[in-house]
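> I have a structure here, written as structure tokens, and I will follow up with some questions on it.
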Amino acid sequence: MYNGLLLSPNLDACFDSGFISFDDAGNILISSQ
């Protein structure tokens with residue numbers, strides 16, 4: 001089980017804002033917003 005994610009500051013901000021996410025398999029999901 002993975003419990004950590006290392007992101008660049010740009011991707012971290014996108015993740016925190018909900019613009020990107022990850023599914024259970026680890027694939028990136030990009031918001032259409």
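Numbering starts fresh at 1 for the residues of each chain in the structure tokens, the chains themselves are lettered A, B, ... in the order given, and ligands are numbered from 1 as they appear.
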Please identify which residues in chain A DSSP calls helix (DSSP H, G or I) from the backbone, and express them as number ranges by chain.
A: 9-17
> Write out as a list in words all residues of chain A that DSSP puts in strand (DSSP E or B) for this structure's backbone.
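Residues meeting the strand (DSSP E or B) criterion: Ile20, Ser21, Phe22, Ile28, Leu29 and Ile30 of chain A.
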> Those residues you just picked out, can you put them in a file as a short mmCIF file (atom, residue, chain, number, x, y, z; two decimals), in the first residue's frame with N, CA and C atoms?

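Output (part_21.cif):
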```cif
data_model
loop_
_atom_site.label_atom_id
_atom_site.label_comp_id
_atom_site.auth_asym_id
_atom_site.auth_seq_id
_atom_site.Cartn_x
_atom_site.Cartn_y
_atom_site.Cartn_z
N ILE A 20 -6.35 17.96 -10.19
CA ILE A 20 -5.89 16.61 -10.52
C ILE A 20 -6.12 15.71 -9.32
N SER A 21 -6.24 14.43 -9.61
CA SER A 21 -6.40 13.42 -8.57
C SER A 21 -5.84 12.12 -9.13
N PHE A 22 -5.92 11.06 -8.35
CA PHE A 22 -5.41 9.76 -8.77
C PHE A 22 -6.42 8.69 -8.41
N ILE A 28 -3.48 9.13 -13.20
CA ILE A 28 -3.85 10.52 -12.95
C ILE A 28 -5.22 10.81 -13.55
N LEU A 29 -6.01 11.58 -12.82
CA LEU A 29 -7.32 12.05 -13.27
C LEU A 29 -7.26 13.57 -13.33
N ILE A 30 -7.62 14.13 -14.46
CA ILE A 30 -7.55 15.58 -14.65
C ILE A 30 -8.97 16.13 -14.72
#
```
> Separation of atom CA of A:Gln33 and atom CA of A:Phe19, in Å?
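Between atom CA of A:Gln33 and atom CA of A:Phe19 the gap works out to 7.3 Å.
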